[in-house]
$ cat query.tsv   # TSV, C-alpha atoms
chain	number	residue	atom	x	y	z
A	1	MET	CA	-20.34	228.69	-4.85
A	2	LYS	CA	-21.18	226.66	-7.91
A	3	THR	CA	-17.77	224.97	-7.71
A	4	MET	CA	-18.42	224.02	-4.07
A	5	LYS	CA	-21.77	222.46	-5.00
A	6	THR	CA	-20.13	220.53	-7.82
A	7	LEU	CA	-17.42	219.21	-5.50
A	8	LYS	CA	-20.03	218.25	-2.90
A	9	THR	CA	-22.05	216.40	-5.55
A	10	ILE	CA	-18.93	214.56	-6.75
A	11	MET	CA	-18.07	213.55	-3.18
A	12	ILE	CA	-21.59	212.23	-2.55
A	13	LEU	CA	-21.60	210.29	-5.82
A	14	SER	CA	-18.14	208.90	-5.05
A	15	GLY	CA	-19.37	207.75	-1.66
A	16	VAL	CA	-22.42	206.07	-3.17
A	17	LEU	CA	-20.24	204.37	-5.79
A	18	LEU	CA	-17.78	203.15	-3.14
A	19	LEU	CA	-20.61	201.82	-0.98
A	20	SER	CA	-22.12	200.04	-4.00
A	21	LEU	CA	-18.80	198.43	-4.83
A	22	MET	CA	-18.34	197.31	-1.22
A	23	LEU	CA	-21.82	195.77	-1.13
A	24	ALA	CA	-21.27	194.09	-4.48
A	25	GLU	CA	-17.97	192.64	-3.28
A	26	ALA	CA	-19.57	191.39	-0.06
A	27	THR	CA	-22.42	189.79	-1.99
A	28	LEU	CA	-20.02	188.13	-4.42
A	29	GLY	CA	-17.93	186.95	-1.48
A	30	ASP	CA	-20.99	185.35	0.09
A	31	ILE	CA	-21.81	183.63	-3.20
A	32	GLN	CA	-18.24	182.41	-3.57
A	33	LYS	CA	-18.24	180.89	-0.09
A	34	ARG	CA	-21.15	178.68	-1.01
A	35	ILE	CA	-20.38	178.30	-4.73
A	36	ILE	CA	-19.05	174.77	-4.23
A	37	GLY	CA	-21.61	174.34	-1.51
A	38	GLY	CA	-19.50	172.53	1.06
A	39	LYS	CA	-19.22	172.81	4.80
A	40	THR	CA	-16.84	171.01	7.11
A	41	CYS	CA	-18.03	167.43	7.63
A	42	GLY	CA	-19.15	166.55	11.15
A	43	ALA	CA	-16.72	164.88	13.55
A	44	THR	CA	-18.58	161.57	13.20
A	45	GLU	CA	-19.14	161.78	9.44
A	46	ARG	CA	-17.01	160.21	6.73
A	47	LEU	CA	-14.50	158.56	9.06
A	48	TYR	CA	-13.76	156.20	6.16
A	49	HIS	CA	-12.74	158.97	3.73
A	50	THR	CA	-9.22	158.55	2.37
A	51	VAL	CA	-6.90	160.78	0.35
A	52	ILE	CA	-5.06	159.35	-2.65
A	53	GLU	CA	-1.84	161.05	-3.62
A	54	TYR	CA	1.47	160.49	-5.39
A	55	HIS	CA	4.89	160.81	-3.76
A	56	LYS	CA	8.20	161.13	-5.54
A	57	ASP	CA	10.61	158.59	-4.08
A	58	ILE	CA	13.66	160.26	-5.59
A	59	ILE	CA	15.22	163.02	-3.48
A	60	VAL	CA	16.04	166.15	-5.48
A	61	GLY	CA	18.77	168.15	-3.76
A	62	LYS	CA	18.05	167.90	-0.04
A	63	SER	CA	14.31	167.32	-0.19
A	64	ARG	CA	11.56	165.37	-1.92
A	65	PRO	CA	9.02	167.15	-4.12
A	66	ALA	CA	5.71	167.83	-2.38
A	67	PRO	CA	3.17	165.01	-2.81
A	68	LEU	CA	0.56	165.41	-5.53
A	69	PHE	CA	-2.99	165.42	-4.18
A	70	VAL	CA	-5.04	163.42	-6.67
A	71	CYS	CA	-8.33	162.00	-5.37
A	72	GLY	CA	-10.54	160.87	-2.56
A	73	GLY	CA	-11.61	157.33	-1.72
A	74	SER	CA	-13.65	155.26	0.73
A	75	LEU	CA	-12.26	152.65	3.10
A	76	ILE	CA	-14.63	149.67	2.83
A	77	SER	CA	-12.64	147.27	5.03
A	78	LYS	CA	-9.33	147.16	6.90
A	79	GLN	CA	-7.44	146.61	3.66
A	80	TRP	CA	-9.60	147.88	0.78
A	81	VAL	CA	-10.29	151.34	-0.62
A	82	LEU	CA	-12.90	152.06	-3.30
A	83	THR	CA	-12.18	154.98	-5.63
A	84	ALA	CA	-12.22	156.11	-9.28
A	85	ALA	CA	-10.00	154.43	-11.87
A	86	HIS	CA	-8.77	157.69	-13.37
A	87	CYS	CA	-7.09	158.43	-10.04
A	88	VAL	CA	-4.16	156.47	-11.47
A	89	PRO	CA	-2.55	159.12	-13.73
A	90	THR	CA	-1.59	158.15	-17.27
A	91	ASP	CA	0.82	161.05	-17.69
A	92	GLU	CA	4.32	159.60	-18.17
A	93	ASN	CA	5.87	162.49	-16.24
A	94	ILE	CA	3.82	161.52	-13.19
A	95	GLN	CA	4.22	157.77	-13.60
A	96	SER	CA	8.01	157.96	-13.74
A	97	GLY	CA	9.44	157.90	-10.23
A	98	TRP	CA	6.14	158.56	-8.47
A	99	LYS	CA	4.29	156.05	-6.31
A	100	LEU	CA	0.67	155.87	-5.17
A	101	TYR	CA	-0.08	156.33	-1.48
A	102	VAL	CA	-3.32	156.25	0.49
A	103	ARG	CA	-3.65	158.67	3.38
A	104	LEU	CA	-5.87	157.41	6.21
A	105	GLY	CA	-7.32	159.22	9.20
A	106	ALA	CA	-7.18	162.72	7.72
A	107	HIS	CA	-10.72	163.42	8.98
A	108	PRO	CA	-11.41	164.50	11.60
A	109	SER	CA	-8.20	164.00	13.59
A	110	GLY	CA	-5.66	164.72	10.86
A	111	LEU	CA	-3.52	161.74	11.90
A	112	ASN	CA	-2.52	161.15	8.29
A	113	VAL	CA	-1.27	157.56	8.29
A	114	VAL	CA	0.24	157.11	4.82
A	115	THR	CA	0.35	153.68	3.16
A	116	LEU	CA	2.11	152.73	-0.08
A	117	VAL	CA	0.03	150.80	-2.65
A	118	GLU	CA	2.12	148.77	-5.09
A	119	GLU	CA	1.04	148.39	-8.71
A	120	GLN	CA	-0.03	144.77	-8.27
A	121	ASN	CA	-2.51	145.88	-5.60
A	122	ILE	CA	-4.35	148.27	-7.92
A	123	HIS	CA	-7.51	146.60	-9.26
A	124	ILE	CA	-9.34	148.44	-12.05
A	125	PHE	CA	-12.69	147.26	-13.42
A	126	LYS	CA	-11.91	146.43	-17.04
A	127	GLU	CA	-15.04	144.76	-18.39
A	128	GLY	CA	-16.21	147.04	-21.18
A	129	ILE	CA	-15.60	150.79	-21.40
A	130	ASP	CA	-16.41	153.88	-19.36
A	131	HIS	CA	-16.22	152.02	-16.05
A	132	ASP	CA	-14.33	154.54	-13.94
A	133	ILE	CA	-14.00	152.53	-10.73
A	134	MET	CA	-11.07	150.95	-8.90
A	135	LEU	CA	-10.13	149.06	-5.75
A	136	LEU	CA	-6.86	149.54	-3.87
A	137	HIS	CA	-5.56	146.72	-1.67
A	138	LEU	CA	-3.61	148.05	1.30
A	139	PRO	CA	-0.55	145.97	2.31
A	140	VAL	CA	-1.52	145.95	6.00
A	141	ASP	CA	-4.72	146.37	7.99
A	142	SER	CA	-5.76	149.91	8.80
A	143	THR	CA	-5.28	150.51	12.51
A	144	VAL	CA	-6.17	154.20	12.56
A	145	LYS	CA	-8.17	155.00	15.69
A	146	ASP	CA	-11.84	155.87	15.18
A	147	THR	CA	-11.74	154.95	11.49
A	148	THR	CA	-14.93	153.33	10.21
A	149	PHE	CA	-15.79	151.51	7.00
A	150	ALA	CA	-18.26	152.74	4.41
A	151	ASN	CA	-21.51	150.78	4.54
A	152	PRO	CA	-22.34	148.77	1.40
A	153	PRO	CA	-25.50	149.83	-0.43
A	154	ASP	CA	-28.81	148.04	-0.37
A	155	CYS	CA	-29.41	147.68	-4.08
A	156	SER	CA	-33.10	146.76	-3.99
A	157	SER	CA	-35.20	148.60	-6.55
A	158	THR	CA	-37.83	149.17	-3.86
A	159	PRO	CA	-37.71	149.09	-0.05
A	160	VAL	CA	-38.22	145.56	1.29
A	161	GLN	CA	-38.59	144.55	4.95
A	162	GLY	CA	-37.53	147.92	6.25
A	163	LYS	CA	-34.46	148.13	4.02
A	164	THR	CA	-33.56	151.18	1.99
A	165	SER	CA	-33.38	151.23	-1.79
A	166	LYS	CA	-31.34	152.97	-4.44
A	167	PRO	CA	-31.83	156.76	-4.39
A	168	SER	CA	-34.53	157.79	-6.85
A	169	MET	CA	-35.07	161.06	-8.71
A	170	GLY	CA	-35.07	164.03	-6.37
A	171	GLU	CA	-33.53	162.17	-3.43
A	172	VAL	CA	-30.71	163.93	-1.59
A	173	VAL	CA	-27.24	162.35	-1.68
A	174	GLN	CA	-24.13	163.58	0.09
A	175	ILE	CA	-20.74	164.13	-1.53
A	176	ALA	CA	-17.43	164.94	0.16
A	177	GLY	CA	-13.92	166.02	-0.73
A	178	TYR	CA	-10.98	168.33	-0.15
A	179	ALA	CA	-10.89	170.06	-3.55
A	180	ALA	CA	-11.71	173.68	-4.47
A	181	THR	CA	-14.12	175.45	-2.15
A	182	ALA	CA	-14.50	178.75	-3.98
A	183	ALA	CA	-14.75	180.47	-7.35
A	184	ASP	CA	-13.24	183.66	-8.73
A	185	HIS	CA	-15.11	186.71	-10.05
A	186	PHE	CA	-15.70	184.90	-13.36
A	187	LEU	CA	-17.14	181.86	-11.53
A	188	ARG	CA	-14.09	179.79	-12.45
A	189	LYS	CA	-13.17	177.16	-9.89
A	190	VAL	CA	-10.25	178.23	-7.76
A	191	SER	CA	-7.52	175.68	-7.13
A	192	ASP	CA	-7.70	175.85	-3.37
A	193	LYS	CA	-7.48	172.58	-1.45
A	194	SER	CA	-9.50	172.76	1.74
A	195	SER	CA	-7.75	172.03	5.03
A	196	THR	CA	-10.88	170.23	6.25
A	197	LEU	CA	-13.07	167.62	4.60
A	198	GLN	CA	-16.06	169.32	2.96
A	199	CYS	CA	-19.53	167.71	2.82
A	200	ALA	CA	-22.38	168.89	0.59
A	201	ASP	CA	-25.79	167.67	-0.59
A	202	GLN	CA	-27.03	167.25	-4.16
A	203	ASN	CA	-30.30	166.02	-5.65
A	204	VAL	CA	-30.41	162.98	-7.93
A	205	LYS	CA	-31.65	164.03	-11.36
A	206	ARG	CA	-32.21	162.59	-14.80
A	207	TYR	CA	-30.45	164.29	-17.71
A	208	SER	CA	-30.11	163.70	-21.42
A	209	ASP	CA	-26.32	163.84	-21.11
A	210	ALA	CA	-24.84	160.55	-22.35
A	211	SER	CA	-22.80	160.18	-19.17
A	212	CYS	CA	-26.02	160.15	-17.13
A	213	LEU	CA	-27.87	157.66	-19.33
A	214	ARG	CA	-25.54	154.72	-18.85
A	215	GLU	CA	-26.90	151.95	-16.64
A	216	HIS	CA	-23.81	152.05	-14.43
A	217	THR	CA	-23.94	155.80	-13.67
A	218	PHE	CA	-26.28	158.30	-12.07
A	219	CYS	CA	-26.21	162.08	-11.84
A	220	ALA	CA	-27.03	164.86	-9.43
A	221	GLN	CA	-27.04	168.62	-9.25
A	222	LYS	CA	-27.98	171.37	-6.84
A	223	SER	CA	-27.74	175.11	-7.20
A	224	GLY	CA	-24.57	176.36	-5.53
A	225	VAL	CA	-23.01	172.90	-5.21
A	226	ASP	CA	-20.33	171.45	-7.46
A	227	THR	CA	-17.50	168.93	-7.50
A	228	CYS	CA	-13.91	169.53	-8.57
A	229	SER	CA	-11.29	167.20	-10.00
A	230	GLY	CA	-9.72	166.55	-6.59
A	231	ASP	CA	-13.06	165.25	-5.31
A	232	SER	CA	-13.00	162.31	-7.75
A	233	GLY	CA	-13.09	158.90	-6.12
A	234	GLY	CA	-14.89	160.10	-3.01
A	235	GLY	CA	-18.07	158.37	-1.90
A	236	VAL	CA	-21.65	159.36	-2.71
A	237	VAL	CA	-23.75	158.55	0.35
A	238	TYR	CA	-27.49	158.03	0.72
A	239	LYS	CA	-29.00	157.06	4.08
A	240	ASP	CA	-25.52	156.31	5.41
A	241	GLN	CA	-24.76	153.82	2.63
A	242	LEU	CA	-22.21	154.10	-0.18
A	243	TYR	CA	-24.15	154.27	-3.45
A	244	GLY	CA	-21.72	156.06	-5.72
A	245	VAL	CA	-18.15	157.02	-6.56
A	246	ILE	CA	-17.61	160.62	-7.66
A	247	VAL	CA	-16.37	161.06	-11.21
A	248	SER	CA	-15.82	164.81	-11.33
A	249	ASP	CA	-16.56	166.72	-14.49
A	250	ASP	CA	-13.71	168.45	-16.31
A	251	ASN	CA	-15.64	171.70	-16.46
A	252	ASN	CA	-13.60	174.56	-15.01
A	253	TYR	CA	-16.64	176.66	-14.17
A	254	ALA	CA	-18.35	176.28	-10.83
A	255	CYS	CA	-21.94	175.09	-10.74
A	256	SER	CA	-22.20	174.95	-14.53
A	257	ALA	CA	-22.31	171.20	-15.02
A	258	THR	CA	-23.94	168.09	-13.63
A	259	SER	CA	-21.97	165.90	-11.24
A	260	TYR	CA	-21.99	162.28	-12.26
A	261	PHE	CA	-21.11	159.15	-10.34
A	262	MET	CA	-20.40	155.47	-10.84
A	263	ASP	CA	-23.36	153.46	-9.52
A	264	VAL	CA	-21.82	151.20	-6.87
A	265	CYS	CA	-24.77	148.79	-7.08
A	266	GLU	CA	-23.70	147.88	-10.62
A	267	TYR	CA	-20.28	146.85	-9.30
A	268	LYS	CA	-21.23	145.20	-6.03
A	269	LYS	CA	-20.59	141.67	-7.31
A	270	TRP	CA	-17.20	142.69	-8.73
A	271	ILE	CA	-16.28	144.29	-5.40
A	272	TRP	CA	-17.27	141.12	-3.55
A	273	ASP	CA	-15.45	138.86	-6.03
A	274	THR	CA	-12.30	140.98	-5.78
A	275	THR	CA	-12.21	141.60	-2.04
A	276	GLY	CA	-14.16	138.73	-0.51
A	277	ILE	CA	-15.69	141.14	2.01
A	278	THR	CA	-18.72	139.30	3.40
A	279	SER	CA	-20.88	142.40	3.85
A	280	TRP	CA	-20.53	143.18	0.13
A	281	GLU	CA	-21.99	139.88	-1.03
A	282	PRO	CA	-24.73	140.78	-3.58
$ encode --input "query.tsv" --output "structure tokens"
Amino acid sequence: MKTMKTLKTIMILSGVLLLSLMLAEATLGDIQKRIIGGKTCGATERLYHTVIEYHKDIIVGKSRPAPLFVCGGSLISKQWVLTAAHCVPTDENIQSGWKLYVRLGAHPSGLNVVTLVEEQNIHIFKEGIDHDIMLLHLPVDSTVKDTTFANPPDCSSTPVQGKTSKPSMGEVVQIAGYAATAADHFLRKVSDKSSTLQCADQNVKRYSDASCLREHTFCAQKSGVDTCSGDSGGGVVYKDQLYGVIVSDDNNYACSATSYFMDVCEYKKWIWDTTGITSWEP
């Protein structure tokens, strides 16, 4: 009789433990789904988002190696893409035999028109240091259906005549990318490229971090939202205008670091001088 009671107690405790583990796993799963904080961008959002990747031109055996997904970018005219400078790898193993391509129309239709960008059409801002921003000149006009161009920012310090102004502390900005969308049980970012473009909001903040104190950068953070290395180069949008370029942190842990961006307003003249795009005249 005593043995039966003991077995019954063990079975009840085992059931409770199993239920607890199931609930814990479900809770962690829910956290993981929102750990990077993204959701699929709307069908009319980010039609200017591009994907920057490297293709190996040399055929090995009977096939080419799979392209390397590197960064995001923003189409600002029919022939110009704005992105981060570090999206050009410095690793000799990647540089040798690999060429840079821009993929257009990936969102929302997935048309994936791929365009080669030769080295002479890569324009990196080189005045001073820590300026992680770059322009890519496409060899032909983009003709992808439904593609739009990112709107240049209004760089006024305060709203004038109904215009917007640079996002101030606490304002919500939107980021987007295809990089990791989850974290493992140790909150490490999982290398898991999303099949759809992910959009998420962050709040502009002021931090003592040196990267956030430079006049040509600004930072943001929001609980449950983070960027990953593959998001670099993508646009930071405020009131439908392109105010920043994502420069992802190298931190491997989700939601443990501030996201920081190149301040597009600080480079607006350089963009205009380089591209001649009328709407970008400072």
$ atom_distance --input "query.tsv" --atom1 "atom CA of A:Leu136" --atom2 "atom CA of A:Glu45"
21.9 Å
$ closest_residue --input "query.tsv" --among "A:Asn112, A:Ser259, A:Thr278, A:Ser156" --to "A:Ser168" --atoms "all atoms listed in the file"
A:Ser156
$ closest_residue --input "query.tsv" --among "A:Leu47, A:Leu100, A:Cys71, A:Ile124" --to "A:Lys145" --atoms "all atoms listed in the file"
A:Leu47
$ atom_distance --input "query.tsv" --atom1 "atom CA of A:Ile129" --atom2 "atom CA of A:Lys269"
17.5 Å
$ residues_around --input "query.tsv" --residues "A:Met134" --least-positions-apart "6" --cutoff "8 Å" --atoms "all atoms listed in the file" --output "PyMOL selection string"
chain A and resi 82-85+122-125
$ residues_around --input "query.tsv" --residues "A:Pro108" --least-positions-apart "2" --cutoff "12 Å" --atoms "all atoms listed in the file" --output "MDAnalysis selection string"
chainID A and resid 40:50 104:106 110:112 144:148 195:198
$ atom_distance --input "query.tsv" --atom1 "atom CA of A:Tyr260" --atom2 "atom CA of A:Lys205"
9.9 Å
$ closest_residue --input "query.tsv" --among "A:Thr115, A:Gln79, A:Ser279, A:Gln202" --to "A:Val236" --atoms "only C-alpha atoms"
A:Gln202
$ closest_residue --input "query.tsv" --among "A:Thr143, A:Ser232, A:Gln221, A:Ser109" --to "A:Ser74" --atoms "all atoms listed in the file"
A:Ser232
